[in-house]
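Asks: Before I ask anything, let me first share the structure, which is written out below as C-alpha cells.
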Amino acid sequence: MEVIITPSPEEGALSAARILDHVVRAKPAAVLGLATGSTPLGLYRELIRRHKEEGLDFSGITTFNLDEYVGLEASHPASYHRFMHENLFAEINVAPERIHLPDGMAADVNAFSREYEKKIRAAGGIDLQILGIGNDGHIGFNEPSSSLASRTRLKTLTQVTIEANKRFFNNIDEVPRHVITMGVGTIMEARICLLLAFGEKKAEAVRAMVEGPVTANCPASVLQLHPRVVVIADEAAAASLARADYYRYVFAAKPEWQKETTFLPALLEE
Ligand code: PGA
C-alpha cells in the first residue's frame with residue numbers, strides 16, 4: 001500500500017486528479033470504477049477543469065460505479081445516478097452508453113448484480129477504482145462483516161452509515177436501508193485502487209485499513225492484500241497512523257517523475 005499524506009483535502013484531490021490524468025492519457029479506453037459521497041467531489045471538479053481547460057479526453061473511457069441505493073429512481077435528488085450526472089458526467093465527454101451504475105430500481109436484484117459483474121468482465125475489468133472509506137471501514141457499501149470475497153449484491157446499511165448519509169436526505173427515515181454494491185471481491189480485481197480519505201472522522205478507519213489486521217470488521221483492510229493500492233489521506237485522516245513519518249519519507253524520496261505514476265505500467269502490460 002502506498003500512503004500519500006497531503007496537507008489538505010484540496011491538495012489530495014489534485015494529487016488524485018494527476019493520477020487519473022496519467023491513466024486516461026496513457027490508456028484512453030480505460031475502464032474507471034467511480035465512487036460517490038463528499039470525498040471524490042474535489043477530484044471530479046479538477047477532472048472537469050482539466051477536460052474543459054486542458055483537453056483531457058474521456059471519450060474512450062468506460063465507467064462502473066460502486067453502488068446505489070435500492071428503491072431510489074435515477075432522478076431522485078439523493079440517488080447516485082443523479083450525483084454522478086451532476087458532479088461529473090454532464091461536464092465531461094464520456095459516452096453515455098459506456099456509463100454504468102447499479103440500478104436501485106431493479107426488479108430482480110440478484111439477476112441485475114450477476115449482469116453487472118458480467119459487464120465489468122466484458123469491458124476487460126476495471127483499470128482504476130476510485131474508493132472512499134466509511135467511518136466504519138466500508139468500501140463501496142460493503143459494511144463490516146461483509147465477506148472479503150463478496151461480489152455485487154444487495155446489502156443492508158449499518159446505523160453508522162445511515163447516520164453519516166442522512167445529510168443527503170430530508171431526514172434520517174428517508175435514507176434507504178438497502179443498497180446494491182460491488183463486492184469486496186469485485187473491488188479487489190481492479191488493477192489499481194485509489195482510495196481517498198479526508199477529515200478527522202476517517203482517522204480511525206484509515207488506521208484500521210492501513211495498519212490494522214486484515215479483517216472483515218474493517219472491509220477496507222483487505223486492500224493490504226491488493227498489489228497496487230494508493231491511499232491519499234489529508235493530515236486529519238492520517239492523524240492516527242503510527243508510521244505516518246515513514247510514508248512521508250517514502251513519498252518524498254521518490255523521483256519526481258514516479259510520484260504519481262507508480263502503478264501505470266500495470267495498465268499497459270496487458
Ligand atoms: P463520504 O463517504 O465520501 O461522503 O465520506 C465515503 C463512504 O461512505 O465510502
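In the C-alpha cells, each chain is lettered A, B, ... as it comes, each chain's residues begin at 1, and ligands are numbered from 1 in order of appearance.
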Which residues are close to Arg114 (chain A), i.e. within 10 Å by only C-alpha atoms, leaving aside same-chain residues fewer than 5 positions away? Reply as JSON, numbers by chain.
Replies: {"A": [109, 119, 151, 152, 153]}
Asks: Report as a Markdown table the residues of chain A within 6 Å of ligand 1, each with its shortest atom pair and distance in Å (one decimal), using only C-alpha atoms and all ligand atoms, ordered by chain and increasing residue number.
Replies:
```
| residue | atom | partner | partner_atom_place_in_ligand_line | distance |
| --- | --- | --- | --- | --- |
| A:Gly37 | CA | ligand 1 | 4 (O) | 3.5 |
| A:Ser38 | CA | ligand 1 | 4 (O) | 4.0 |
| A:Thr39 | CA | ligand 1 | 3 (O) | 3.6 |
| A:Gly132 | CA | ligand 1 | 9 (O) | 4.2 |
| A:Ile133 | CA | ligand 1 | 9 (O) | 4.0 |
| A:Gly134 | CA | ligand 1 | 8 (O) | 3.9 |
| A:Ile139 | CA | ligand 1 | 9 (O) | 5.5 |
| A:Gly140 | CA | ligand 1 | 9 (O) | 5.8 |
```
Asks: Give me the residues near Arg25 (chain A) as a count of residues only, where near means some atom within 10 Å (using only C-alpha atoms) and where sequence neighbours in that chain fewer than 5 positions away do not count.
Replies: 5
Asks: Any idea what's packed within 10 Å of Glu11 (chain A), counting only C-alpha atoms, ignoring anything in its chain fewer than 4 positions away? Could you give it as a list in words?
Replies: Ile5, Thr6, Pro7, Ser15, Ala16, Ala17, Gly42, Leu43, Ile232, Ala233 and Asp234 of chain A
Asks: Need the shell around Arg248 (chain A): protein/DNA/RNA residues with any atom at most 9 Å away, counting only C-alpha atoms. Skip same-chain ones fewer than 5 positions apart. Format as a PyMOL selection string?
Replies: chain A and resi 3-5+243+253
Asks: Would you kindly return, as a list in words, each protein, DNA or RNA residue with an atom no farther than 8 Å from any atom of Leu128 (chain A), considering only C-alpha atoms and excluding same-chain residues fewer than 5 positions away?
Replies: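 Contacts, in chain order: Ala30, Val31, Leu32, Gly33, Ala190, Arg191, Ile192, Cys193 and Leu194 of chain A.
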Asks: Do you have the CA of Glu68 (chain A)-CA of Ala106 (chain A) distance handy?
Replies: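 Computing the Euclidean distance for CA of Glu68 (chain A) and CA of Ala106 (chain A) yields 10.8 Å.
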Asks: Assign secondary structure with DSSP using the backbone only, and return the residues of region 73-187 of chain A in helix (DSSP H, G or I) as a CSV table (one decimal) with all heavy atoms, in the first residue's frame.
Replies:
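Written output follows (out_21.csv):
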```
chain,number,residue,atom,x,y,z
A,80,TYR,N,-27.4,8.0,-6.6
A,80,TYR,CA,-26.0,8.1,-7.1
A,80,TYR,C,-26.0,8.3,-8.6
A,80,TYR,O,-25.0,8.9,-9.1
A,80,TYR,CB,-25.2,6.9,-6.6
A,80,TYR,CG,-24.9,7.0,-5.1
A,80,TYR,CD1,-24.4,5.9,-4.4
A,80,TYR,CD2,-25.1,8.1,-4.4
A,80,TYR,CE1,-24.2,5.9,-3.1
A,80,TYR,CE2,-24.8,8.2,-3.0
A,80,TYR,CZ,-24.4,7.1,-2.4
A,80,TYR,OH,-24.1,7.1,-1.0
A,81,HIS,N,-27.1,7.9,-9.3
A,81,HIS,CA,-27.2,8.3,-10.7
A,81,HIS,C,-27.1,9.8,-10.8
A,81,HIS,O,-26.4,10.4,-11.7
A,81,HIS,CB,-28.5,7.8,-11.3
A,81,HIS,CG,-28.5,6.3,-11.7
A,81,HIS,ND1,-28.5,5.3,-10.7
A,81,HIS,CD2,-28.5,5.7,-12.9
A,81,HIS,CE1,-28.5,4.1,-11.3
A,81,HIS,NE2,-28.5,4.3,-12.6
A,82,ARG,N,-28.0,10.4,-10.1
A,82,ARG,CA,-28.1,11.9,-10.1
A,82,ARG,C,-26.8,12.6,-9.7
A,82,ARG,O,-26.3,13.5,-10.4
A,82,ARG,CB,-29.3,12.3,-9.2
A,82,ARG,CG,-29.5,13.8,-9.1
A,82,ARG,CD,-30.6,14.2,-10.0
A,82,ARG,NE,-30.9,15.6,-9.7
A,82,ARG,CZ,-32.1,16.0,-9.2
A,82,ARG,NH1,-33.1,15.2,-8.9
A,82,ARG,NH2,-32.3,17.3,-8.9
A,83,PHE,N,-26.2,12.1,-8.6
A,83,PHE,CA,-24.9,12.6,-8.1
A,83,PHE,C,-23.9,12.6,-9.2
A,83,PHE,O,-23.2,13.6,-9.5
A,83,PHE,CB,-24.5,11.8,-6.9
A,83,PHE,CG,-23.2,12.2,-6.4
A,83,PHE,CD1,-23.1,13.0,-5.2
A,83,PHE,CD2,-22.0,11.8,-7.0
A,83,PHE,CE1,-21.8,13.4,-4.7
A,83,PHE,CE2,-20.7,12.2,-6.5
A,83,PHE,CZ,-20.7,13.0,-5.4
A,84,MET,N,-23.8,11.4,-9.9
A,84,MET,CA,-22.7,11.3,-10.9
A,84,MET,C,-23.0,12.2,-12.1
A,84,MET,O,-22.0,12.7,-12.7
A,84,MET,CB,-22.6,9.8,-11.3
A,84,MET,CG,-22.0,8.9,-10.3
A,84,MET,SD,-20.4,9.5,-9.6
A,84,MET,CE,-19.3,9.6,-11.0
A,85,HIS,N,-24.2,12.2,-12.5
A,85,HIS,CA,-24.6,13.1,-13.6
A,85,HIS,C,-24.2,14.5,-13.3
A,85,HIS,O,-23.6,15.2,-14.1
A,85,HIS,CB,-26.1,12.9,-13.9
A,85,HIS,CG,-26.5,13.7,-15.2
A,85,HIS,ND1,-26.2,13.2,-16.4
A,85,HIS,CD2,-27.1,14.9,-15.3
A,85,HIS,CE1,-26.6,14.1,-17.3
A,85,HIS,NE2,-27.2,15.1,-16.6
A,86,GLU,N,-24.7,15.0,-12.2
A,86,GLU,CA,-24.5,16.4,-11.8
A,86,GLU,C,-23.0,16.8,-11.5
A,86,GLU,O,-22.6,17.8,-11.9
A,86,GLU,CB,-25.3,16.8,-10.6
A,86,GLU,CG,-26.8,16.9,-11.0
A,86,GLU,CD,-27.7,17.2,-9.8
A,86,GLU,OE1,-27.2,17.3,-8.7
A,86,GLU,OE2,-28.9,17.3,-10.1
A,87,ASN,N,-22.3,15.9,-10.9
A,87,ASN,CA,-21.0,16.2,-10.4
A,87,ASN,C,-19.8,15.8,-11.4
A,87,ASN,O,-18.7,16.2,-11.2
A,87,ASN,CB,-20.7,15.6,-9.1
A,87,ASN,CG,-21.6,16.3,-8.0
A,87,ASN,OD1,-21.4,17.5,-7.8
A,87,ASN,ND2,-22.5,15.5,-7.4
A,89,PHE,N,-20.5,13.5,-15.0
A,89,PHE,CA,-20.8,13.1,-16.4
A,89,PHE,C,-21.4,14.2,-17.3
A,89,PHE,O,-21.0,14.2,-18.4
A,89,PHE,CB,-21.8,11.9,-16.4
A,89,PHE,CG,-21.3,10.7,-15.7
A,89,PHE,CD1,-22.2,9.8,-15.0
A,89,PHE,CD2,-20.0,10.3,-15.7
A,89,PHE,CE1,-21.8,8.7,-14.3
A,89,PHE,CE2,-19.5,9.2,-15.0
A,89,PHE,CZ,-20.4,8.3,-14.4
A,90,ALA,N,-22.2,15.1,-16.7
A,90,ALA,CA,-22.7,16.1,-17.5
A,90,ALA,C,-21.7,17.1,-18.0
A,90,ALA,O,-21.9,17.9,-18.9
A,90,ALA,CB,-23.9,16.9,-16.8
A,91,GLU,N,-20.5,17.1,-17.3
A,91,GLU,CA,-19.5,18.1,-17.6
A,91,GLU,C,-18.3,17.6,-18.3
A,91,GLU,O,-17.4,18.4,-18.6
A,91,GLU,CB,-19.0,18.7,-16.2
A,91,GLU,CG,-20.1,19.2,-15.3
A,91,GLU,CD,-20.7,20.5,-15.8
A,91,GLU,OE1,-20.1,21.2,-16.6
A,91,GLU,OE2,-21.9,20.7,-15.5
A,96,PRO,N,-22.4,8.3,-23.1
A,96,PRO,CA,-23.5,7.8,-22.2
A,96,PRO,C,-23.6,6.3,-22.2
A,96,PRO,O,-23.9,5.7,-21.2
A,96,PRO,CB,-24.7,8.5,-22.7
A,96,PRO,CG,-24.2,9.7,-23.4
A,96,PRO,CD,-22.9,9.4,-24.0
A,97,GLU,N,-23.4,5.7,-23.3
A,97,GLU,CA,-23.6,4.2,-23.4
A,97,GLU,C,-22.5,3.5,-22.7
A,97,GLU,O,-22.6,2.3,-22.5
A,97,GLU,CB,-23.8,3.8,-24.9
A,97,GLU,CG,-22.6,3.9,-25.8
A,97,GLU,CD,-22.4,5.3,-26.4
A,97,GLU,OE1,-23.0,6.3,-25.9
A,97,GLU,OE2,-21.6,5.4,-27.3
A,98,ARG,N,-21.5,4.1,-22.3
A,98,ARG,CA,-20.4,3.4,-21.6
A,98,ARG,C,-20.4,3.8,-20.1
A,98,ARG,O,-19.4,3.5,-19.4
A,98,ARG,CB,-19.0,3.7,-22.2
A,98,ARG,CG,-18.9,2.9,-23.5
A,98,ARG,CD,-17.4,2.8,-23.9
A,98,ARG,NE,-16.9,4.1,-24.4
A,98,ARG,CZ,-17.0,4.5,-25.6
A,98,ARG,NH1,-17.7,3.8,-26.5
A,98,ARG,NH2,-16.6,5.7,-25.9
A,109,VAL,N,-32.8,-8.0,-8.1
A,109,VAL,CA,-31.5,-7.5,-7.7
A,109,VAL,C,-30.4,-8.6,-8.0
A,109,VAL,O,-29.3,-8.2,-8.4
A,109,VAL,CB,-31.5,-7.1,-6.2
A,109,VAL,CG1,-30.1,-6.7,-5.7
A,109,VAL,CG2,-32.4,-5.9,-6.0
A,110,ASN,N,-30.7,-9.8,-7.7
A,110,ASN,CA,-29.7,-10.9,-7.9
A,110,ASN,C,-29.3,-11.0,-9.4
A,110,ASN,O,-28.1,-11.0,-9.7
A,110,ASN,CB,-30.2,-12.2,-7.4
A,110,ASN,CG,-30.2,-12.2,-5.9
A,110,ASN,OD1,-29.5,-11.5,-5.2
A,110,ASN,ND2,-31.1,-13.1,-5.3
A,111,ALA,N,-30.3,-11.0,-10.2
A,111,ALA,CA,-30.1,-11.1,-11.7
A,111,ALA,C,-29.3,-9.8,-12.1
A,111,ALA,O,-28.4,-9.9,-12.9
A,111,ALA,CB,-31.4,-11.2,-12.4
A,112,PHE,N,-29.7,-8.7,-11.6
A,112,PHE,CA,-29.1,-7.4,-12.0
A,112,PHE,C,-27.6,-7.5,-11.6
A,112,PHE,O,-26.7,-7.1,-12.4
A,112,PHE,CB,-29.7,-6.2,-11.4
A,112,PHE,CG,-28.9,-5.0,-11.7
A,112,PHE,CD1,-29.2,-4.3,-12.9
A,112,PHE,CD2,-27.9,-4.5,-10.9
A,112,PHE,CE1,-28.4,-3.2,-13.3
A,112,PHE,CE2,-27.1,-3.4,-11.3
A,112,PHE,CZ,-27.4,-2.8,-12.5
A,113,SER,N,-27.3,-8.0,-10.4
A,113,SER,CA,-26.0,-8.0,-9.9
A,113,SER,C,-25.1,-8.9,-10.7
A,113,SER,O,-23.9,-8.6,-11.0
A,113,SER,CB,-26.0,-8.5,-8.4
A,113,SER,OG,-26.8,-7.6,-7.6
A,114,ARG,N,-25.6,-10.1,-11.1
A,114,ARG,CA,-24.8,-11.0,-11.9
A,114,ARG,C,-24.5,-10.4,-13.2
A,114,ARG,O,-23.4,-10.4,-13.7
A,114,ARG,CB,-25.6,-12.3,-12.1
A,114,ARG,CG,-25.5,-13.3,-11.0
A,114,ARG,CD,-26.0,-14.7,-11.5
A,114,ARG,NE,-27.4,-14.7,-12.0
A,114,ARG,CZ,-28.5,-14.8,-11.2
A,114,ARG,NH1,-28.4,-14.9,-9.9
A,114,ARG,NH2,-29.7,-14.8,-11.7
A,115,GLU,N,-25.5,-9.7,-13.8
A,115,GLU,CA,-25.3,-9.0,-15.1
A,115,GLU,C,-24.2,-7.9,-15.0
A,115,GLU,O,-23.4,-7.7,-15.9
A,115,GLU,CB,-26.7,-8.4,-15.5
A,115,GLU,CG,-26.9,-8.3,-16.9
A,115,GLU,CD,-26.5,-9.4,-17.8
A,115,GLU,OE1,-26.8,-10.6,-17.5
A,115,GLU,OE2,-25.9,-9.2,-18.8
A,116,TYR,N,-24.3,-7.2,-13.9
A,116,TYR,CA,-23.3,-6.1,-13.6
A,116,TYR,C,-21.9,-6.6,-13.6
A,116,TYR,O,-21.0,-6.1,-14.2
A,116,TYR,CB,-23.6,-5.4,-12.3
A,116,TYR,CG,-23.1,-4.0,-12.2
A,116,TYR,CD1,-23.6,-2.9,-13.0
A,116,TYR,CD2,-22.1,-3.6,-11.2
A,116,TYR,CE1,-23.1,-1.6,-12.9
A,116,TYR,CE2,-21.7,-2.3,-11.1
A,116,TYR,CZ,-22.1,-1.3,-11.9
A,116,TYR,OH,-21.7,0.0,-11.8
A,117,GLU,N,-21.7,-7.7,-12.9
A,117,GLU,CA,-20.4,-8.4,-12.9
A,117,GLU,C,-20.0,-8.8,-14.3
A,117,GLU,O,-18.8,-8.7,-14.7
A,117,GLU,CB,-20.4,-9.6,-12.0
A,117,GLU,CG,-20.6,-9.3,-10.5
A,117,GLU,CD,-19.3,-9.0,-9.8
A,117,GLU,OE1,-18.3,-9.5,-10.2
A,117,GLU,OE2,-19.4,-8.4,-8.7
A,118,LYS,N,-20.9,-9.3,-15.1
A,118,LYS,CA,-20.6,-9.8,-16.4
A,118,LYS,C,-20.1,-8.6,-17.3
A,118,LYS,O,-19.2,-8.7,-18.1
A,118,LYS,CB,-21.8,-10.4,-17.1
A,118,LYS,CG,-21.9,-11.9,-17.0
A,118,LYS,CD,-23.0,-12.4,-18.0
A,118,LYS,CE,-23.7,-13.6,-17.4
A,118,LYS,NZ,-25.0,-13.9,-18.0
A,119,LYS,N,-20.8,-7.5,-17.1
A,119,LYS,CA,-20.5,-6.3,-17.9
A,119,LYS,C,-19.1,-5.8,-17.5
A,119,LYS,O,-18.4,-5.3,-18.4
A,119,LYS,CB,-21.5,-5.2,-17.6
A,119,LYS,CG,-22.8,-5.4,-18.4
A,119,LYS,CD,-23.7,-4.2,-18.3
A,119,LYS,CE,-25.0,-4.5,-19.0
A,119,LYS,NZ,-26.1,-3.7,-18.5
A,120,ILE,N,-18.7,-5.9,-16.3
A,120,ILE,CA,-17.4,-5.4,-15.9
A,120,ILE,C,-16.3,-6.3,-16.6
A,120,ILE,O,-15.4,-5.9,-17.1
A,120,ILE,CB,-17.2,-5.5,-14.3
A,120,ILE,CG1,-18.1,-4.4,-13.7
A,120,ILE,CG2,-15.7,-5.3,-13.9
A,120,ILE,CD1,-18.1,-4.5,-12.1
A,121,ARG,N,-16.6,-7.6,-16.5
A,121,ARG,CA,-15.7,-8.6,-17.2
A,121,ARG,C,-15.6,-8.3,-18.7
A,121,ARG,O,-14.5,-8.3,-19.3
A,121,ARG,CB,-16.1,-10.0,-16.9
A,121,ARG,CG,-15.6,-10.6,-15.6
A,121,ARG,CD,-15.7,-12.1,-15.5
A,121,ARG,NE,-17.0,-12.6,-15.6
A,121,ARG,CZ,-17.9,-12.6,-14.6
A,121,ARG,NH1,-17.6,-12.2,-13.4
A,121,ARG,NH2,-19.1,-13.1,-14.8
A,122,ALA,N,-16.8,-8.1,-19.3
A,122,ALA,CA,-16.8,-7.9,-20.7
A,122,ALA,C,-16.1,-6.7,-21.2
A,122,ALA,O,-15.5,-6.6,-22.3
A,122,ALA,CB,-18.3,-7.9,-21.2
A,159,GLN,N,-26.2,1.3,11.0
A,159,GLN,CA,-26.7,2.6,11.5
A,159,GLN,C,-25.6,3.7,11.4
A,159,GLN,O,-26.0,4.9,11.2
A,159,GLN,CB,-27.0,2.4,13.0
A,159,GLN,CG,-28.3,1.7,13.3
A,159,GLN,CD,-29.5,2.4,12.6
A,159,GLN,OE1,-29.6,3.6,12.5
A,159,GLN,NE2,-30.4,1.5,12.0
A,160,VAL,N,-24.4,3.4,11.5
A,160,VAL,CA,-23.3,4.4,11.3
A,160,VAL,C,-23.4,5.0,9.9
A,160,VAL,O,-23.3,6.2,9.8
A,160,VAL,CB,-21.9,3.7,11.5
A,160,VAL,CG1,-20.7,4.7,11.2
A,160,VAL,CG2,-21.7,3.2,12.9
A,161,THR,N,-23.6,4.2,8.9
A,161,THR,CA,-23.6,4.7,7.6
A,161,THR,C,-24.9,5.5,7.3
A,161,THR,O,-24.9,6.6,6.7
A,161,THR,CB,-23.5,3.6,6.5
A,161,THR,OG1,-22.3,2.9,6.8
A,161,THR,CG2,-23.6,4.1,5.1
A,162,ILE,N,-26.0,5.0,7.9
A,162,ILE,CA,-27.3,5.7,7.7
A,162,ILE,C,-27.2,7.1,8.4
A,162,ILE,O,-27.6,8.1,7.8
A,162,ILE,CB,-28.5,4.9,8.3
A,162,ILE,CG1,-28.7,3.6,7.5
A,162,ILE,CG2,-29.7,5.7,8.5
A,162,ILE,CD1,-29.6,2.6,8.1
A,163,GLU,N,-26.6,7.1,9.5
A,163,GLU,CA,-26.4,8.4,10.2
A,163,GLU,C,-25.5,9.3,9.4
A,163,GLU,O,-25.8,10.5,9.2
A,163,GLU,CB,-25.7,8.1,11.6
A,163,GLU,CG,-25.5,9.2,12.5
A,163,GLU,CD,-26.9,9.8,13.0
A,163,GLU,OE1,-27.8,9.1,13.3
A,163,GLU,OE2,-26.8,11.1,13.1
A,164,ALA,N,-24.4,8.8,8.8
A,164,ALA,CA,-23.4,9.6,8.1
A,164,ALA,C,-24.1,10.1,6.8
A,164,ALA,O,-23.7,11.2,6.3
A,164,ALA,CB,-22.2,8.8,7.7
A,165,ASN,N,-25.0,9.4,6.2
A,165,ASN,CA,-25.5,9.8,4.9
A,165,ASN,C,-26.8,10.5,5.0
A,165,ASN,O,-27.4,11.0,4.0
A,165,ASN,CB,-25.7,8.5,4.0
A,165,ASN,CG,-24.3,8.0,3.5
A,165,ASN,OD1,-23.3,8.5,4.0
A,165,ASN,ND2,-24.3,7.1,2.6
A,166,LYS,N,-27.3,10.7,6.2
A,166,LYS,CA,-28.7,11.4,6.3
A,166,LYS,C,-28.6,12.8,5.8
A,166,LYS,O,-29.6,13.4,5.4
A,166,LYS,CB,-29.2,11.3,7.8
A,166,LYS,CG,-28.4,12.2,8.7
A,166,LYS,CD,-29.0,12.2,10.1
A,166,LYS,CE,-28.2,13.2,11.0
A,166,LYS,NZ,-28.4,12.9,12.4
A,167,ARG,N,-27.4,13.4,5.7
A,167,ARG,CA,-27.3,14.8,5.3
A,167,ARG,C,-27.7,15.0,3.8
A,167,ARG,O,-28.0,16.1,3.4
A,167,ARG,CB,-25.8,15.3,5.4
A,167,ARG,CG,-24.8,14.6,4.6
A,167,ARG,CD,-23.4,15.0,5.0
A,167,ARG,NE,-22.3,14.6,4.1
A,167,ARG,CZ,-21.8,13.4,3.9
A,167,ARG,NH1,-22.3,12.4,4.7
A,167,ARG,NH2,-20.8,13.2,3.1
A,168,PHE,N,-27.8,13.9,3.1
A,168,PHE,CA,-28.2,14.0,1.7
A,168,PHE,C,-29.8,13.9,1.6
A,168,PHE,O,-30.3,14.0,0.5
A,168,PHE,CB,-27.6,12.9,0.8
A,168,PHE,CG,-26.1,13.0,0.8
A,168,PHE,CD1,-25.3,12.1,1.4
A,168,PHE,CD2,-25.5,14.1,0.1
A,168,PHE,CE1,-23.9,12.2,1.4
A,168,PHE,CE2,-24.1,14.2,0.1
A,168,PHE,CZ,-23.3,13.3,0.7
A,172,ILE,N,-33.6,11.3,8.5
A,172,ILE,CA,-32.9,10.0,8.6
A,172,ILE,C,-33.8,8.9,8.1
A,172,ILE,O,-33.4,7.9,7.6
A,172,ILE,CB,-32.4,9.8,10.0
A,172,ILE,CG1,-31.4,8.6,10.0
A,172,ILE,CG2,-33.5,9.5,11.0
A,172,ILE,CD1,-30.5,8.6,11.2
A,173,ASP,N,-35.2,9.1,8.3
A,173,ASP,CA,-36.1,8.0,7.9
A,173,ASP,C,-36.1,7.8,6.4
A,173,ASP,O,-36.6,6.8,5.9
A,173,ASP,CB,-37.5,8.3,8.4
A,173,ASP,CG,-37.5,8.2,9.9
A,173,ASP,OD1,-36.7,7.5,10.5
A,173,ASP,OD2,-38.3,9.0,10.6
A,174,GLU,N,-35.7,8.8,5.7
A,174,GLU,CA,-35.7,8.7,4.2
A,174,GLU,C,-34.5,8.0,3.6
A,174,GLU,O,-34.5,7.7,2.5
A,174,GLU,CB,-35.7,10.1,3.6
A,174,GLU,CG,-37.1,10.8,3.6
A,174,GLU,CD,-37.1,12.1,2.9
A,174,GLU,OE1,-36.2,12.4,2.1
A,174,GLU,OE2,-38.1,12.9,3.1
A,184,VAL,N,-16.5,-6.8,-2.2
A,184,VAL,CA,-15.1,-6.6,-1.9
A,184,VAL,C,-14.3,-7.4,-2.9
A,184,VAL,O,-13.3,-6.9,-3.4
A,184,VAL,CB,-14.8,-7.1,-0.4
A,184,VAL,CG1,-13.3,-6.9,-0.1
A,184,VAL,CG2,-15.7,-6.4,0.6
A,185,GLY,N,-14.7,-8.6,-3.3
A,185,GLY,CA,-14.0,-9.4,-4.3
A,185,GLY,C,-14.0,-8.7,-5.6
A,185,GLY,O,-13.0,-8.7,-6.3
A,186,THR,N,-15.1,-8.0,-6.0
A,186,THR,CA,-15.1,-7.3,-7.2
A,186,THR,C,-14.1,-6.1,-7.2
A,186,THR,O,-13.3,-6.0,-8.1
A,186,THR,CB,-16.6,-6.6,-7.4
A,186,THR,OG1,-17.6,-7.5,-7.0
A,186,THR,CG2,-16.8,-6.2,-8.9
A,187,ILE,N,-14.1,-5.4,-6.1
A,187,ILE,CA,-13.1,-4.3,-6.0
A,187,ILE,C,-11.7,-4.8,-6.0
A,187,ILE,O,-10.8,-4.2,-6.7
A,187,ILE,CB,-13.4,-3.5,-4.6
A,187,ILE,CG1,-14.8,-2.8,-4.7
A,187,ILE,CG2,-12.3,-2.5,-4.3
A,187,ILE,CD1,-15.3,-2.3,-3.4
```
Asks: For each of A:Ala203, A:Val94, A:Ala220, A:Val175, take the minimum atom-to-atom distance to Met188 (chain A), counting only C-alpha atoms, then give the residue where this is smallest.
Replies: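 Of the candidates, the smallest distance to Met188 (chain A) is held by A:Ala220.
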Asks: Counting only C-alpha atoms, what is within 9 Å of Pro227 (chain A), bar same-chain residues fewer than 2 positions away, as a ChimeraX atom specification?
Replies: /A:1,191-192,223-225,229
Asks: Report the distance between CA of Pro9 (chain A) and CA of Ala252 (chain A) in Å, rounded to one decimal place.
Replies: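 The value is 18.5 Å.
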Asks: Could you check which of A:Gly71, A:Gly12, A:Pro144, A:Gly137 is closest to Leu196 (chain A), using only C-alpha atoms?
Replies: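 Distance minimum relative to Leu196 (chain A) lands on A:Gly12.
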Asks: So the first atom is CA of Thr215 (chain A) and the second is CA of Phe198 (chain A); what is the distance between them in Å, to one decimal place?
Replies: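 Computing it gives 22.2 Å between the two atoms.
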Asks: With only C-alpha atoms as the basis for distance, which of A:Ala95, A:Ala107, A:Ala205, A:Ala216 is at the shortest distance from Asn142 (chain A)?
Replies: A:Ala216
Asks: Can you list, as a ChimeraX atom specification, all residues belonging to region 25-140 of chain A that DSSP tags as strand (DSSP E or B)?
Replies: /A:31-34,62-65,67-69,99-100,128-131,139
